[in-house]
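Worksheet: the structure to be examined is printed underneath.
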Amino acid sequence: MLYIVIPVFNRLAYTRACLDALRGQTAQQFRTVVVDDGSTDGTAEVLAREYPEVIVVPGNGQLFWTAGVNAGLRRALAEGADRLMTMNNDVVAAPDFVARMLHWAERYPDALLGALELDVHTGQPVYGGEQFSWLTHRSEDLLTKLSPPQRRGLHPVTYLPGRGLLIPAQVVAAIGLFDEKRLPHYLADYDYTSVARRHGFPVYLNYDAHLLTYPDESGQEQTRKQRSLRGYYQHLFGIRGGGNLVNFTHFALKNCPPLLLPSFLLNGYVRRLGGYFLH
């Protein structure tokens with residue numbers, strides 16, 4: 001059984017749209033776990049009243065993404081899950097999303113799988129995976145590399161985001177849960193999939209499975225729209241900061257090849273210190 005884990009904090013409208021899309025899936029061989037981290041917008045009441053099939057794990061308002069996901073994964077594993085999926089509430093799954101993820105999961109049972117992301121407003125692809133070079137600190141965007149006829153099936157990638165990330169239970173048995181101590185919010189998903197790949201588990205972007213996303217509504221995009229010195233500090237040191245220097249350092253120490261680590265760290269620090277105002 002597949003268990004889909006969704007951490008939420010407020011943003012009830014997104015949660016409703018996400019859960020309604022899951023209700024409309026052509027394949028229903030899954031259960032949904034929502035980790036409600038102390039929402040104050042009526043999320044708990046709506047979940048209990050309108051979505052009785054959803055397993056709700058309450059939080060104290062201080063879990064953030066990584067600990068929230070881990071709380072849901074622990075519950076799913078206790079329920080006997082053999083496949084797990086992390087999903088943010090600000091995505092809308094296409095009706096055949098689960099079916100197409102399970103199709104490839106059955107053929108590659110030890111692989112971690114992500115999905116092609118489309119702009120919810122335009123339907124255009126916005127994320128199709130990356131192949132990253134530790135030497136140059138550059139990513140090759142598969143949407144640029146692949147022609148439209150090639151955008152089908154599985155393509156190997158360096159890492160994956162946590163939006164619609166399918167994880168076989170044997171991966172958790174081998175490497176544990178997400179690193180909530182060192183990466184409480186951003187980079188935990190990239191770190192997890194990088195660690196899994198180094199342990200021999202394939203990591204693929206599934207171009208047959210589609211998620212609709214809201215590119216302009218991400219936390220990093222909202223921060224960039226409100227540039228200020230305070231925002232700059234939060235960008236570099238805040239727990240939700242997309243350029244958090246401490247998180248980046250932990251990610252680099254865990255995943256970068258040792259010989260490339262000094263140049264990778266220097267490159268990354270420069271990009272984060274200057275990128276906030278230049279983006």
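Going through the structure tokens in order, the chains are called A, B, and so on, while each chain numbers its residues from 1 and the ligands are numbered from 1 in the order shown.
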Legend entry - Residues flagged strand (DSSP E) by DSSP in segment 48-180 of chain A, as a ChimeraX atom specification: /A:55-58,83-86,91-93,112-119,125-127,130-133,138-141,154-156,165-168
Inset, instruction - Identify, with DSSP run on backbone atoms, the residues in segment 62-275 of chain A assigned to alpha helix (DSSP H), and express the list as a PyMOL selection string. - result: chain A and resi 64-78+97-107+142-145+169-175+188-198+219-225+229-237+245-255+261-275
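Residues surrounding Gly38 of chain A within 10 Å are Val8, Phe9, Asn10, Thr43, Ala44, Pro58, Gly59, Asn60, Gly61, Gln62 and Leu63 of chain A [only C-alpha atoms; sequence separation below 5 positions excluded].
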Legend entry - Nearest to Ala94 of chain A, chosen from A:Ala67, A:Ala174, A:Val5, A:Ala17, with only C-alpha atoms counted in the distances: A:Ala17
Inset, instruction - Determine the nearest neighbour of Gly153 of chain A from the options A:Gly274, A:Gly238, A:Pro168, A:Gly128, counting only C-alpha atoms. - result: A:Gly128
Inset, instruction - Just the residues within 10 Å of Val246 of chain A, please, counting only C-alpha atoms, with nothing from its chain fewer than 6 positions along; format it as an MDAnalysis selection string. - result: chainID A and resid 182:183 236:239 252
Inset, instruction - Using only C-alpha atoms, determine which residues lie at most 12 Å from segment 69-71 of chain A, disregarding the query and same-chain residues fewer than 2 positions distant; provide the list as a PyMOL selection string. - result: chain A and resi 3-8+33-37+55-60+63-67+73-78+84-89+162-163+165+172+176-181+184-185+188-189+192
May I have the residues from that selection written out with C-alpha atoms, as a CSV table (one decimal), in the first residue's frame?
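Output file part04.csv follows:
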chain,number,residue,atom,x,y,z
A,3,TYR,CA,0.9,6.2,1.8
A,4,ILE,CA,0.9,9.8,0.7
A,5,VAL,CA,2.2,12.2,3.4
A,6,ILE,CA,1.3,15.9,3.3
A,7,PRO,CA,2.6,18.4,5.9
A,8,VAL,CA,0.4,21.5,6.2
A,33,VAL,CA,-1.7,11.2,5.9
A,34,VAL,CA,-1.9,14.9,6.6
A,35,VAL,CA,0.4,16.3,9.3
A,36,ASP,CA,-1.4,19.4,10.5
A,37,ASP,CA,1.3,21.4,12.3
A,55,ILE,CA,-5.3,10.1,8.7
A,56,VAL,CA,-4.4,13.2,10.6
A,57,VAL,CA,-1.2,13.6,12.6
A,58,PRO,CA,-1.2,16.8,14.8
A,59,GLY,CA,1.8,18.9,15.3
A,60,ASN,CA,2.8,21.7,17.7
A,63,LEU,CA,7.8,21.0,13.0
A,64,PHE,CA,8.5,22.8,9.7
A,65,TRP,CA,8.8,20.7,6.6
A,66,THR,CA,11.3,18.0,7.5
A,67,ALA,CA,10.0,17.1,11.0
A,73,LEU,CA,6.3,8.8,7.4
A,74,ARG,CA,6.5,7.2,10.9
A,75,ARG,CA,2.7,6.9,11.0
A,76,ALA,CA,2.6,5.5,7.5
A,77,LEU,CA,5.3,2.9,8.4
A,78,ALA,CA,3.5,2.0,11.5
A,84,LEU,CA,5.7,6.2,0.7
A,85,MET,CA,5.2,9.5,-1.0
A,86,THR,CA,5.9,13.1,0.3
A,87,MET,CA,3.7,15.7,-1.2
A,88,ASN,CA,3.2,19.4,-0.5
A,89,ASN,CA,-0.3,20.8,-0.2
A,162,GLY,CA,9.7,16.5,-2.0
A,163,ARG,CA,6.7,17.5,-4.1
A,165,LEU,CA,8.4,12.1,-4.2
A,172,VAL,CA,13.9,4.2,4.6
A,176,GLY,CA,16.5,6.3,7.7
A,177,LEU,CA,14.2,9.3,7.5
A,178,PHE,CA,14.9,12.9,6.4
A,179,ASP,CA,17.6,14.8,8.2
A,180,GLU,CA,15.3,17.0,10.4
A,181,LYS,CA,18.2,17.9,12.8
A,184,PRO,CA,14.8,21.4,9.1
A,185,HIS,CA,13.2,22.9,6.1
A,188,ALA,CA,16.1,18.1,3.1
A,189,ASP,CA,14.5,16.6,0.0
A,192,TYR,CA,17.6,12.7,1.0
Find the residues near Leu143 of chain A: any atom within 12 Å, counting only C-alpha atoms, skip ones fewer than 2 places away on the same chain, and give them as a PDB file with N, CA, C and O atoms, in the first residue's frame.
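As written to disk, around-v1.pdb reads:
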ATOM      1  N   LEU A 116       6.848  15.170 -13.316  1.00  0.00           N
ATOM      2  CA  LEU A 116       6.925  16.381 -14.126  1.00  0.00           C
ATOM      3  C   LEU A 116       5.941  17.401 -13.558  1.00  0.00           C
ATOM      4  O   LEU A 116       4.775  17.086 -13.322  1.00  0.00           O
ATOM      5  N   GLU A 117       6.415  18.625 -13.351  1.00  0.00           N
ATOM      6  CA  GLU A 117       5.569  19.671 -12.793  1.00  0.00           C
ATOM      7  C   GLU A 117       5.145  20.656 -13.877  1.00  0.00           C
ATOM      8  O   GLU A 117       5.971  21.107 -14.673  1.00  0.00           O
ATOM      9  N   LEU A 118       3.855  20.978 -13.869  1.00  0.00           N
ATOM     10  CA  LEU A 118       3.276  21.897 -14.823  1.00  0.00           C
ATOM     11  C   LEU A 118       2.705  23.104 -14.086  1.00  0.00           C
ATOM     12  O   LEU A 118       2.187  22.972 -12.977  1.00  0.00           O
ATOM     13  N   GLN A 124       2.054  24.667 -18.774  1.00  0.00           N
ATOM     14  CA  GLN A 124       3.393  24.501 -19.332  1.00  0.00           C
ATOM     15  C   GLN A 124       4.335  23.862 -18.310  1.00  0.00           C
ATOM     16  O   GLN A 124       4.245  24.130 -17.111  1.00  0.00           O
ATOM     17  N   PRO A 125       5.278  23.015 -18.759  1.00  0.00           N
ATOM     18  CA  PRO A 125       6.231  22.399 -17.836  1.00  0.00           C
ATOM     19  C   PRO A 125       7.104  23.451 -17.153  1.00  0.00           C
ATOM     20  O   PRO A 125       7.584  24.382 -17.798  1.00  0.00           O
ATOM     21  N   VAL A 126       7.287  23.303 -15.842  1.00  0.00           N
ATOM     22  CA  VAL A 126       8.137  24.227 -15.096  1.00  0.00           C
ATOM     23  C   VAL A 126       9.275  23.507 -14.377  1.00  0.00           C
ATOM     24  O   VAL A 126      10.261  24.135 -13.985  1.00  0.00           O
ATOM     25  N   TYR A 127       9.150  22.191 -14.175  1.00  0.00           N
ATOM     26  CA  TYR A 127      10.246  21.445 -13.555  1.00  0.00           C
ATOM     27  C   TYR A 127      10.242  20.022 -14.086  1.00  0.00           C
ATOM     28  O   TYR A 127       9.237  19.319 -13.999  1.00  0.00           O
ATOM     29  N   GLY A 128      11.404  19.632 -14.634  1.00  0.00           N
ATOM     30  CA  GLY A 128      11.523  18.293 -15.194  1.00  0.00           C
ATOM     31  C   GLY A 128      12.787  17.584 -14.768  1.00  0.00           C
ATOM     32  O   GLY A 128      13.253  16.678 -15.453  1.00  0.00           O
ATOM     33  N   GLY A 129      13.345  17.988 -13.616  1.00  0.00           N
ATOM     34  CA  GLY A 129      14.525  17.313 -13.111  1.00  0.00           C
ATOM     35  C   GLY A 129      15.825  17.957 -13.548  1.00  0.00           C
ATOM     36  O   GLY A 129      15.874  18.728 -14.516  1.00  0.00           O
ATOM     37  N   GLU A 130      16.906  17.621 -12.825  1.00  0.00           N
ATOM     38  CA  GLU A 130      18.215  18.206 -13.077  1.00  0.00           C
ATOM     39  C   GLU A 130      19.301  17.141 -12.988  1.00  0.00           C
ATOM     40  O   GLU A 130      19.176  16.172 -12.245  1.00  0.00           O
ATOM     41  N   GLN A 131      20.350  17.365 -13.742  1.00  0.00           N
ATOM     42  CA  GLN A 131      21.580  16.593 -13.612  1.00  0.00           C
ATOM     43  C   GLN A 131      22.668  17.583 -13.212  1.00  0.00           C
ATOM     44  O   GLN A 131      23.021  18.483 -13.975  1.00  0.00           O
ATOM     45  N   SER A 139      23.610  23.078 -12.942  1.00  0.00           N
ATOM     46  CA  SER A 139      22.627  22.041 -13.221  1.00  0.00           C
ATOM     47  C   SER A 139      22.236  22.073 -14.689  1.00  0.00           C
ATOM     48  O   SER A 139      22.076  23.153 -15.272  1.00  0.00           O
ATOM     49  N   GLU A 140      22.084  20.898 -15.262  1.00  0.00           N
ATOM     50  CA  GLU A 140      21.550  20.786 -16.610  1.00  0.00           C
ATOM     51  C   GLU A 140      20.066  20.474 -16.490  1.00  0.00           C
ATOM     52  O   GLU A 140      19.673  19.418 -15.968  1.00  0.00           O
ATOM     53  N   ASP A 141      19.237  21.399 -16.938  1.00  0.00           N
ATOM     54  CA  ASP A 141      17.789  21.257 -16.855  1.00  0.00           C
ATOM     55  C   ASP A 141      17.321  20.270 -17.921  1.00  0.00           C
ATOM     56  O   ASP A 141      17.542  20.486 -19.121  1.00  0.00           O
ATOM     57  N   LYS A 145      17.239  19.968 -22.094  1.00  0.00           N
ATOM     58  CA  LYS A 145      18.001  18.911 -22.757  1.00  0.00           C
ATOM     59  C   LYS A 145      17.118  18.004 -23.608  1.00  0.00           C
ATOM     60  O   LYS A 145      17.526  17.563 -24.704  1.00  0.00           O
ATOM     61  N   LEU A 146      15.902  17.718 -23.138  1.00  0.00           N
ATOM     62  CA  LEU A 146      15.029  16.767 -23.821  1.00  0.00           C
ATOM     63  C   LEU A 146      14.071  17.475 -24.776  1.00  0.00           C
ATOM     64  O   LEU A 146      13.447  18.476 -24.409  1.00  0.00           O
ATOM     65  N   SER A 147      13.935  16.949 -25.971  1.00  0.00           N
ATOM     66  CA  SER A 147      12.931  17.464 -26.900  1.00  0.00           C
ATOM     67  C   SER A 147      11.564  16.963 -26.448  1.00  0.00           C
ATOM     68  O   SER A 147      11.462  15.960 -25.730  1.00  0.00           O
ATOM     69  N   PRO A 148      10.477  17.622 -26.856  1.00  0.00           N
ATOM     70  CA  PRO A 148       9.142  17.179 -26.434  1.00  0.00           C
ATOM     71  C   PRO A 148       8.869  15.687 -26.662  1.00  0.00           C
ATOM     72  O   PRO A 148       8.306  15.042 -25.765  1.00  0.00           O
ATOM     73  N   PRO A 149       9.271  15.084 -27.807  1.00  0.00           N
ATOM     74  CA  PRO A 149       9.014  13.641 -27.955  1.00  0.00           C
ATOM     75  C   PRO A 149       9.775  12.771 -26.958  1.00  0.00           C
ATOM     76  O   PRO A 149       9.376  11.637 -26.691  1.00  0.00           O
ATOM     77  N   GLN A 150      10.879  13.301 -26.400  1.00  0.00           N
ATOM     78  CA  GLN A 150      11.671  12.538 -25.432  1.00  0.00           C
ATOM     79  C   GLN A 150      11.135  12.649 -24.006  1.00  0.00           C
ATOM     80  O   GLN A 150      11.583  11.936 -23.117  1.00  0.00           O
ATOM     81  N   ARG A 151      10.176  13.529 -23.789  1.00  0.00           N
ATOM     82  CA  ARG A 151       9.666  13.774 -22.447  1.00  0.00           C
ATOM     83  C   ARG A 151       8.603  12.751 -22.079  1.00  0.00           C
ATOM     84  O   ARG A 151       7.414  13.056 -21.958  1.00  0.00           O
ATOM     85  N   ARG A 152       9.056  11.540 -21.909  1.00  0.00           N
ATOM     86  CA  ARG A 152       8.180  10.454 -21.489  1.00  0.00           C
ATOM     87  C   ARG A 152       9.024   9.412 -20.759  1.00  0.00           C
ATOM     88  O   ARG A 152      10.246   9.352 -20.925  1.00  0.00           O
ATOM     89  N   HIS A 155      13.724   9.328 -16.482  1.00  0.00           N
ATOM     90  CA  HIS A 155      15.030   9.901 -16.795  1.00  0.00           C
ATOM     91  C   HIS A 155      15.817  10.066 -15.497  1.00  0.00           C
ATOM     92  O   HIS A 155      15.288  10.613 -14.518  1.00  0.00           O
ATOM     93  N   VAL A 157      18.134  11.482 -12.612  1.00  0.00           N
ATOM     94  CA  VAL A 157      18.445  12.830 -12.138  1.00  0.00           C
ATOM     95  C   VAL A 157      19.347  12.721 -10.915  1.00  0.00           C
ATOM     96  O   VAL A 157      19.507  11.649 -10.329  1.00  0.00           O
ATOM     97  N   LEU A 205      13.170  11.005 -12.668  1.00  0.00           N
ATOM     98  CA  LEU A 205      12.029  11.886 -12.907  1.00  0.00           C
ATOM     99  C   LEU A 205      11.073  11.141 -13.831  1.00  0.00           C
ATOM    100  O   LEU A 205      11.462  10.730 -14.931  1.00  0.00           O
ATOM    101  N   TYR A 207       8.378  11.320 -16.283  1.00  0.00           N
ATOM    102  CA  TYR A 207       7.732  12.290 -17.165  1.00  0.00           C
ATOM    103  C   TYR A 207       6.293  11.906 -17.510  1.00  0.00           C
ATOM    104  O   TYR A 207       5.558  12.717 -18.084  1.00  0.00           O
TER     105      TYR A 207
END
Inset, instruction - Quick one: everything within 12 Å of Gln28 of chain A, counting only C-alpha atoms, minus sequence neighbours fewer than 2 positions away in the same chain. Send it as an MDAnalysis selection string. - result: chainID A and resid 1:4 21:26 30:32 53 95:100 102
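Closest to Leu265 of chain A among A:Leu135, A:Val92, A:Leu12, A:Val203 is A:Leu135, based on only C-alpha atoms.
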Legend entry - One-decimal distance in Å that lies between atom CA of Ala13 of chain A and atom CA of Val46 of chain A: 10.6 Å
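Among the candidate residues A:Cys18, A:Val91, A:Leu273, A:Ala169, the one lying nearest to Pro109 of chain A is A:Ala169, with distances computed using only C-alpha atoms.
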